[in-house]
Amino acid sequence: MADGILFVISAPSGAGKSTLIRRLRQRVDGLGFSVSHTTRPPRAGETDGVEYHFVGRAAFERMAAAGAFAEWAEVHGNLYGTSFAALEAEMSRGRDVLLDIDVQGALALADRVPGAVLVFVAPPSPGELRQRLESRALDPPEVIERRLAAARTEMAAAGRYDYLVVNDDLETAADELAAIVRAERCRTCRRIAWLDGWSGGSQP
Ligand code: ADP
Ligand code: 5GP
């Protein structure tokens with residue numbers, strides 16, 4: 001795969017990850033987004049091929065069996081997967097790539113892609129997470145309870161991520177995310193080719 005950086009972003013549902021990713025892409029250029037496949041039905045306002053590629057379970061399972069996914073997982077009763085094709089589509093445009101994937105998928109990908117950067121977005125407190133899930137008004141009460149229970153397990157994995165952003169004040173959290181992307185781009189190991197240009201004595 002090409003040289004772009006993979007930024008893998010996970011969060012408990014309702015922590016504000018989608019909102020933050022939108023802000024991040026407004027602040028920082030050169031960030032593509034890997035469009036996952038899912039068996040979940042589209043929500044109002046979602047378009048096939050934009051938020052997700054929406055597919056039936058049989059089609060998803062065929063893709064998984066054919067090795068089309070870099071990772072996939074069952075999340076809240078639906079299947080979600082990152083296809084190699086989605087990653088390559090963004091990478092081939094010379095971009096770094098954002099992946100919005102759950103904790104299981106993130107940790108699986110980290111094992112397979114050594115340079116991937118793992119960022120965990122946490123809500124400031126369980127009470128605030130409940131409030132955000134309720135105010136978003138997308139899910140019935142029993143689904144909200146399930147998401148809150150899942151959040152406890154997901155928070156337990158946060159220690160395995162490279163970065164932790166607490167999404168209390170939205171602008172501060174978006175600034176922190178942008179700072180992570182910019183700092184990762186400045187890592188010496190990612191600028192070796194540029195640095196090598198100096199060894200011949202001419203300015204790169
Ligand atoms: P996720 O993608 O993590 O499930 P969303 O981005 O849909 O979460 O955000 C959940 C709800 O919380 C939305 O109504 C969103 O407007 C709100 N929200 C996101 N970030 C903040 C924040 N920092 N402060 C207050 N509300 C927020
Ligand atoms: P939602 O249905 O609310 O869009 O997403 C539910 C969860 O699935 C979120 O935690 C999101 O990060 C995760 N998710 C989305 N795409 C993928 C994917 O390709 N792989 C994995 N493992 N999780 C995903």
# chains A, B, ... in the order shown; residues from 1 in each chain; ligands from 1
call {"tool": "residues_near_ligand", "arguments": {"ligand": "ligand 1", "cutoff": "6 Å", "atoms": "only C-alpha atoms and all ligand atoms", "output": "PyMOL selection string"}}
result
chain A and resi 11+13-19+132-133+135-136+167-170
call {"tool": "residues_around", "arguments": {"residues": "Val181 (chain A)", "least_positions_apart": "2", "cutoff": "12 Å", "atoms": "only C-alpha atoms", "output": "count of residues only"}}
result
33
call {"tool": "residues_around", "arguments": {"residues": "Pro126 (chain A)", "least_positions_apart": "5", "cutoff": "9 Å", "atoms": "only C-alpha atoms", "output": "ChimeraX atom specification"}}
result
/A:131,148,151-152
call {"tool": "write_last_selection", "arguments": {"atoms": "N, CA and C atoms", "output": "JSON list (two decimals), in the first residue's frame"}}
result
[["chain", "number", "residue", "atom", "x", "y", "z"],
["A", 131, "GLN", "N", -26.71, 11.91, 27.69],
["A", 131, "GLN", "CA", -27.41, 13.12, 27.21],
["A", 131, "GLN", "C", -27.25, 13.28, 25.69],
["A", 148, "LEU", "N", -24.90, 2.41, 25.91],
["A", 148, "LEU", "CA", -24.22, 2.86, 27.13],
["A", 148, "LEU", "C", -23.47, 1.69, 27.79],
["A", 151, "ALA", "N", -20.41, 1.08, 25.85],
["A", 151, "ALA", "CA", -19.42, 2.15, 26.06],
["A", 151, "ALA", "C", -18.44, 1.80, 27.18],
["A", 152, "ARG", "N", -18.96, 1.12, 28.22],
["A", 152, "ARG", "CA", -18.07, 0.76, 29.34],
["A", 152, "ARG", "C", -16.97, -0.20, 28.86]]
call {"tool": "closest_residue", "arguments": {"among": "A:Trp198, A:Phe33, A:Tyr161, A:Phe69", "to": "Phe120 (chain A)", "atoms": "only C-alpha atoms"}}
result
A:Tyr161
call {"tool": "residues_around", "arguments": {"residues": "Phe60 (chain A)", "least_positions_apart": "4", "cutoff": "9 Å", "atoms": "only C-alpha atoms", "output": "count of residues only"}}
result
10
call {"tool": "residues_near_ligand", "arguments": {"ligand": "ligand 2", "cutoff": "6 Å", "atoms": "only C-alpha atoms and all ligand atoms", "output": "list in words"}}
result
Ser10, Ser13, Ser36, Trp72, Ala73, Val75, Tyr80, Gly81, Thr82, Asp100, Ile101, Asp102, Gln104 and Gly105 of chain A
call {"tool": "write_last_selection", "arguments": {"atoms": "C-alpha atoms", "output": "PDB file, in the first residue's frame"}}
result
ATOM      1  CA  SER A  10     -12.811   4.950  17.556  1.00  0.00           C
ATOM      2  CA  SER A  13     -21.407   5.658  20.043  1.00  0.00           C
ATOM      3  CA  SER A  36     -16.905   1.058   4.971  1.00  0.00           C
ATOM      4  CA  TRP A  72     -14.412  -6.501   9.723  1.00  0.00           C
ATOM      5  CA  ALA A  73     -16.478  -6.871  12.879  1.00  0.00           C
ATOM      6  CA  VAL A  75     -21.062  -4.081  15.980  1.00  0.00           C
ATOM      7  CA  TYR A  80     -19.090  -3.554   9.278  1.00  0.00           C
ATOM      8  CA  GLY A  81     -15.898  -3.867   7.246  1.00  0.00           C
ATOM      9  CA  THR A  82     -13.066  -1.846   5.750  1.00  0.00           C
ATOM     10  CA  ASP A 100     -14.064   5.501  11.632  1.00  0.00           C
ATOM     11  CA  ILE A 101     -14.132   1.982  13.040  1.00  0.00           C
ATOM     12  CA  ASP A 102     -14.979   0.222  16.268  1.00  0.00           C
ATOM     13  CA  GLN A 104     -12.323  -4.594  17.662  1.00  0.00           C
ATOM     14  CA  GLY A 105     -11.614  -3.444  14.098  1.00  0.00           C
TER      15      GLY A 105
END
call {"tool": "residues_around", "arguments": {"residues": "Val50 (chain A)", "least_positions_apart": "4", "cutoff": "12 Å", "atoms": "only C-alpha atoms", "output": "JSON list (two decimals) with all heavy atoms, in the first residue's frame"}}
result
[["chain", "number", "residue", "atom", "x", "y", "z"],
["A", 33, "PHE", "N", -11.38, 9.76, 3.43],
["A", 33, "PHE", "CA", -12.19, 8.99, 4.38],
["A", 33, "PHE", "C", -12.49, 7.63, 3.76],
["A", 33, "PHE", "O", -12.96, 7.56, 2.61],
["A", 33, "PHE", "CB", -13.50, 9.74, 4.68],
["A", 33, "PHE", "CG", -14.36, 9.04, 5.69],
["A", 33, "PHE", "CD1", -14.04, 9.06, 7.03],
["A", 33, "PHE", "CD2", -15.49, 8.34, 5.28],
["A", 33, "PHE", "CE1", -14.83, 8.39, 7.97],
["A", 33, "PHE", "CE2", -16.29, 7.68, 6.20],
["A", 33, "PHE", "CZ", -15.95, 7.70, 7.55],
["A", 34, "SER", "N", -12.20, 6.58, 4.48],
["A", 34, "SER", "CA", -12.46, 5.23, 3.96],
["A", 34, "SER", "C", -13.93, 4.87, 4.19],
["A", 34, "SER", "O", -14.39, 4.84, 5.32],
["A", 34, "SER", "CB", -11.53, 4.24, 4.68],
["A", 34, "SER", "OG", -11.96, 2.93, 4.45],
["A", 35, "VAL", "N", -14.64, 4.64, 3.09],
["A", 35, "VAL", "CA", -16.08, 4.32, 3.19],
["A", 35, "VAL", "C", -16.22, 2.81, 3.42],
["A", 35, "VAL", "O", -15.84, 2.01, 2.58],
["A", 35, "VAL", "CB", -16.83, 4.76, 1.91],
["A", 35, "VAL", "CG1", -18.30, 4.42, 2.02],
["A", 35, "VAL", "CG2", -16.63, 6.25, 1.66],
["A", 36, "SER", "N", -16.76, 2.47, 4.59],
["A", 36, "SER", "CA", -16.91, 1.06, 4.97],
["A", 36, "SER", "C", -18.12, 0.42, 4.32],
["A", 36, "SER", "O", -19.03, 1.12, 3.85],
["A", 36, "SER", "CB", -17.09, 0.95, 6.49],
["A", 36, "SER", "OG", -15.95, 1.40, 7.16],
["A", 37, "HIS", "N", -18.15, -0.90, 4.34],
["A", 37, "HIS", "CA", -19.36, -1.65, 3.98],
["A", 37, "HIS", "C", -20.11, -1.96, 5.27],
["A", 37, "HIS", "O", -19.49, -2.22, 6.31],
["A", 37, "HIS", "CB", -19.00, -2.95, 3.29],
["A", 37, "HIS", "CG", -18.58, -2.78, 1.87],
["A", 37, "HIS", "ND1", -17.40, -2.16, 1.51],
["A", 37, "HIS", "CD2", -19.19, -3.15, 0.71],
["A", 37, "HIS", "CE1", -17.30, -2.14, 0.19],
["A", 37, "HIS", "NE2", -18.37, -2.74, -0.32],
["A", 42, "PRO", "N", -29.62, 1.99, 5.82],
["A", 42, "PRO", "CA", -29.28, 3.42, 5.87],
["A", 42, "PRO", "C", -30.22, 4.18, 6.80],
["A", 42, "PRO", "O", -31.40, 3.85, 6.88],
["A", 42, "PRO", "CB", -29.49, 3.88, 4.42],
["A", 42, "PRO", "CG", -29.82, 2.69, 3.61],
["A", 42, "PRO", "CD", -30.00, 1.51, 4.50],
["A", 45, "GLY", "N", -31.22, 10.38, 5.46],
["A", 45, "GLY", "CA", -30.16, 11.33, 5.08],
["A", 45, "GLY", "C", -28.87, 10.66, 4.65],
["A", 45, "GLY", "O", -27.97, 11.33, 4.15],
["A", 46, "GLU", "N", -28.74, 9.36, 4.85],
["A", 46, "GLU", "CA", -27.51, 8.68, 4.42],
["A", 46, "GLU", "C", -27.64, 8.21, 2.97],
["A", 46, "GLU", "O", -28.72, 7.79, 2.55],
["A", 46, "GLU", "CB", -27.22, 7.47, 5.33],
["A", 46, "GLU", "CG", -26.71, 7.88, 6.70],
["A", 46, "GLU", "CD", -26.35, 6.70, 7.60],
["A", 46, "GLU", "OE1", -26.92, 5.60, 7.43],
["A", 46, "GLU", "OE2", -25.52, 6.89, 8.50],
["A", 54, "PHE", "N", -23.91, 0.22, 1.52],
["A", 54, "PHE", "CA", -24.92, -0.59, 2.22],
["A", 54, "PHE", "C", -25.14, -1.88, 1.43],
["A", 54, "PHE", "O", -25.49, -1.82, 0.23],
["A", 54, "PHE", "CB", -26.23, 0.21, 2.34],
["A", 54, "PHE", "CG", -26.08, 1.43, 3.21],
["A", 54, "PHE", "CD1", -25.89, 2.69, 2.65],
["A", 54, "PHE", "CD2", -26.10, 1.32, 4.60],
["A", 54, "PHE", "CE1", -25.72, 3.82, 3.45],
["A", 54, "PHE", "CE2", -25.94, 2.45, 5.41],
["A", 54, "PHE", "CZ", -25.75, 3.70, 4.83],
["A", 86, "ALA", "N", -11.47, 0.21, -0.59],
["A", 86, "ALA", "CA", -11.77, 1.55, -0.04],
["A", 86, "ALA", "C", -10.49, 2.23, 0.41],
["A", 86, "ALA", "O", -10.29, 3.43, 0.17],
["A", 86, "ALA", "CB", -12.75, 1.43, 1.13]]
call {"tool": "atom_distance", "arguments": {"atom1": "CA of Ala70 (chain A)", "atom2": "CA of Asp48 (chain A)"}}
result
20.3 Å
call {"tool": "atom_distance", "arguments": {"atom1": "CA of Arg22 (chain A)", "atom2": "CA of Thr188 (chain A)"}}
result
27.8 Å
call {"tool": "atom_distance", "arguments": {"atom1": "CA of Arg147 (chain A)", "atom2": "CA of Ser125 (chain A)"}}
result
14.1 Å
call {"tool": "select_by_dssp", "arguments": {"residues": "region 64-158 of chain A", "states": "strand (DSSP E)", "output": "list in words"}}
result
Phe69, Ala70, Glu71, Trp72, Ala73, Glu74, Val75, Asn78, Leu79, Tyr80, Gly81, Thr82, Ser83, Asp96, Val97, Leu98, Leu99, Asp100, Val117, Leu118, Val119, Phe120, Val121 and Ala122 of chain A
call {"tool": "write_last_selection", "arguments": {"atoms": "N, CA, C and O atoms", "output": "CSV table (one decimal), in the first residue's frame"}}
result
chain,number,residue,atom,x,y,z
A,69,PHE,N,-11.8,-7.7,2.9
A,69,PHE,CA,-11.7,-6.8,4.0
A,69,PHE,C,-10.4,-6.8,4.7
A,69,PHE,O,-9.8,-7.8,5.0
A,70,ALA,N,-9.8,-5.6,5.0
A,70,ALA,CA,-8.6,-5.5,5.8
A,70,ALA,C,-9.0,-5.8,7.2
A,70,ALA,O,-8.2,-6.2,8.0
A,71,GLU,N,-10.2,-5.5,7.6
A,71,GLU,CA,-10.8,-5.9,8.9
A,71,GLU,C,-12.3,-5.8,8.8
A,71,GLU,O,-12.8,-5.1,8.0
A,72,TRP,N,-13.0,-6.6,9.6
A,72,TRP,CA,-14.4,-6.5,9.7
A,72,TRP,C,-14.8,-7.0,11.1
A,72,TRP,O,-14.1,-7.7,11.8
A,73,ALA,N,-16.0,-6.5,11.5
A,73,ALA,CA,-16.5,-6.9,12.9
A,73,ALA,C,-18.0,-6.7,12.9
A,73,ALA,O,-18.6,-6.0,12.1
A,74,GLU,N,-18.6,-7.4,13.9
A,74,GLU,CA,-20.0,-7.3,14.2
A,74,GLU,C,-20.1,-6.2,15.3
A,74,GLU,O,-19.5,-6.3,16.3
A,75,VAL,N,-20.9,-5.2,15.0
A,75,VAL,CA,-21.1,-4.1,16.0
A,75,VAL,C,-22.6,-3.8,16.1
A,75,VAL,O,-23.3,-3.6,15.2
A,78,ASN,N,-24.9,-5.6,13.7
A,78,ASN,CA,-24.7,-5.5,12.2
A,78,ASN,C,-23.2,-5.7,11.9
A,78,ASN,O,-22.3,-5.5,12.7
A,79,LEU,N,-22.9,-6.1,10.6
A,79,LEU,CA,-21.6,-6.3,10.2
A,79,LEU,C,-21.0,-5.0,9.5
A,79,LEU,O,-21.8,-4.3,8.8
A,80,TYR,N,-19.8,-4.7,9.8
A,80,TYR,CA,-19.1,-3.6,9.3
A,80,TYR,C,-17.7,-4.0,8.8
A,80,TYR,O,-17.0,-4.7,9.6
A,81,GLY,N,-17.2,-3.5,7.7
A,81,GLY,CA,-15.9,-3.9,7.2
A,81,GLY,C,-15.2,-2.8,6.4
A,81,GLY,O,-15.9,-2.0,5.7
A,82,THR,N,-13.9,-2.8,6.5
A,82,THR,CA,-13.1,-1.8,5.7
A,82,THR,C,-12.5,-2.6,4.6
A,82,THR,O,-11.7,-3.6,4.8
A,83,SER,N,-12.9,-2.3,3.4
A,83,SER,CA,-12.3,-3.1,2.2
A,83,SER,C,-11.0,-2.6,1.8
A,83,SER,O,-10.7,-1.4,2.0
A,96,ASP,N,-3.7,11.0,3.2
A,96,ASP,CA,-3.8,10.2,4.4
A,96,ASP,C,-5.3,9.8,4.6
A,96,ASP,O,-6.2,10.4,4.0
A,97,VAL,N,-5.5,8.8,5.3
A,97,VAL,CA,-6.9,8.2,5.4
A,97,VAL,C,-7.4,8.1,6.8
A,97,VAL,O,-6.7,7.6,7.7
A,98,LEU,N,-8.7,8.6,7.0
A,98,LEU,CA,-9.3,8.4,8.2
A,98,LEU,C,-10.2,7.2,8.2
A,98,LEU,O,-11.0,7.0,7.2
A,99,LEU,N,-10.1,6.4,9.2
A,99,LEU,CA,-11.1,5.3,9.4
A,99,LEU,C,-11.9,5.4,10.6
A,99,LEU,O,-11.3,5.6,11.7
A,100,ASP,N,-13.2,5.4,10.5
A,100,ASP,CA,-14.1,5.5,11.6
A,100,ASP,C,-14.5,4.1,11.9
A,100,ASP,O,-15.4,3.6,11.3
A,117,VAL,N,-2.1,5.0,13.1
A,117,VAL,CA,-2.2,5.8,14.2
A,117,VAL,C,-3.6,5.7,14.9
A,117,VAL,O,-4.6,5.9,14.2
A,118,LEU,N,-3.6,5.2,16.1
A,118,LEU,CA,-4.9,5.0,16.8
A,118,LEU,C,-5.3,6.1,17.7
A,118,LEU,O,-4.6,6.5,18.6
A,119,VAL,N,-6.5,6.7,17.4
A,119,VAL,CA,-7.0,7.8,18.2
A,119,VAL,C,-8.3,7.4,18.8
A,119,VAL,O,-9.2,7.0,18.1
A,120,PHE,N,-8.4,7.5,20.1
A,120,PHE,CA,-9.7,7.2,20.8
A,120,PHE,C,-10.4,8.5,21.2
A,120,PHE,O,-9.7,9.4,21.8
A,121,VAL,N,-11.6,8.7,20.9
A,121,VAL,CA,-12.4,9.9,21.3
A,121,VAL,C,-13.3,9.4,22.4
A,121,VAL,O,-14.1,8.5,22.3
A,122,ALA,N,-13.2,10.1,23.6
A,122,ALA,CA,-14.0,9.7,24.7
A,122,ALA,C,-15.0,10.8,25.1
A,122,ALA,O,-14.6,12.0,24.9
call {"tool": "residues_around", "arguments": {"residues": "Asp3 (chain A)", "least_positions_apart": "5", "cutoff": "10 Å", "atoms": "only C-alpha atoms", "output": "ChimeraX atom specification"}}
result
/A:91-92,94-96,115,190
call {"tool": "select_by_dssp", "arguments": {"residues": "region 18-123 of chain A", "states": "helix (DSSP H, G or I)", "output": "number ranges by chain"}}
result
A: 18-27, 57-65, 84-91, 103-112
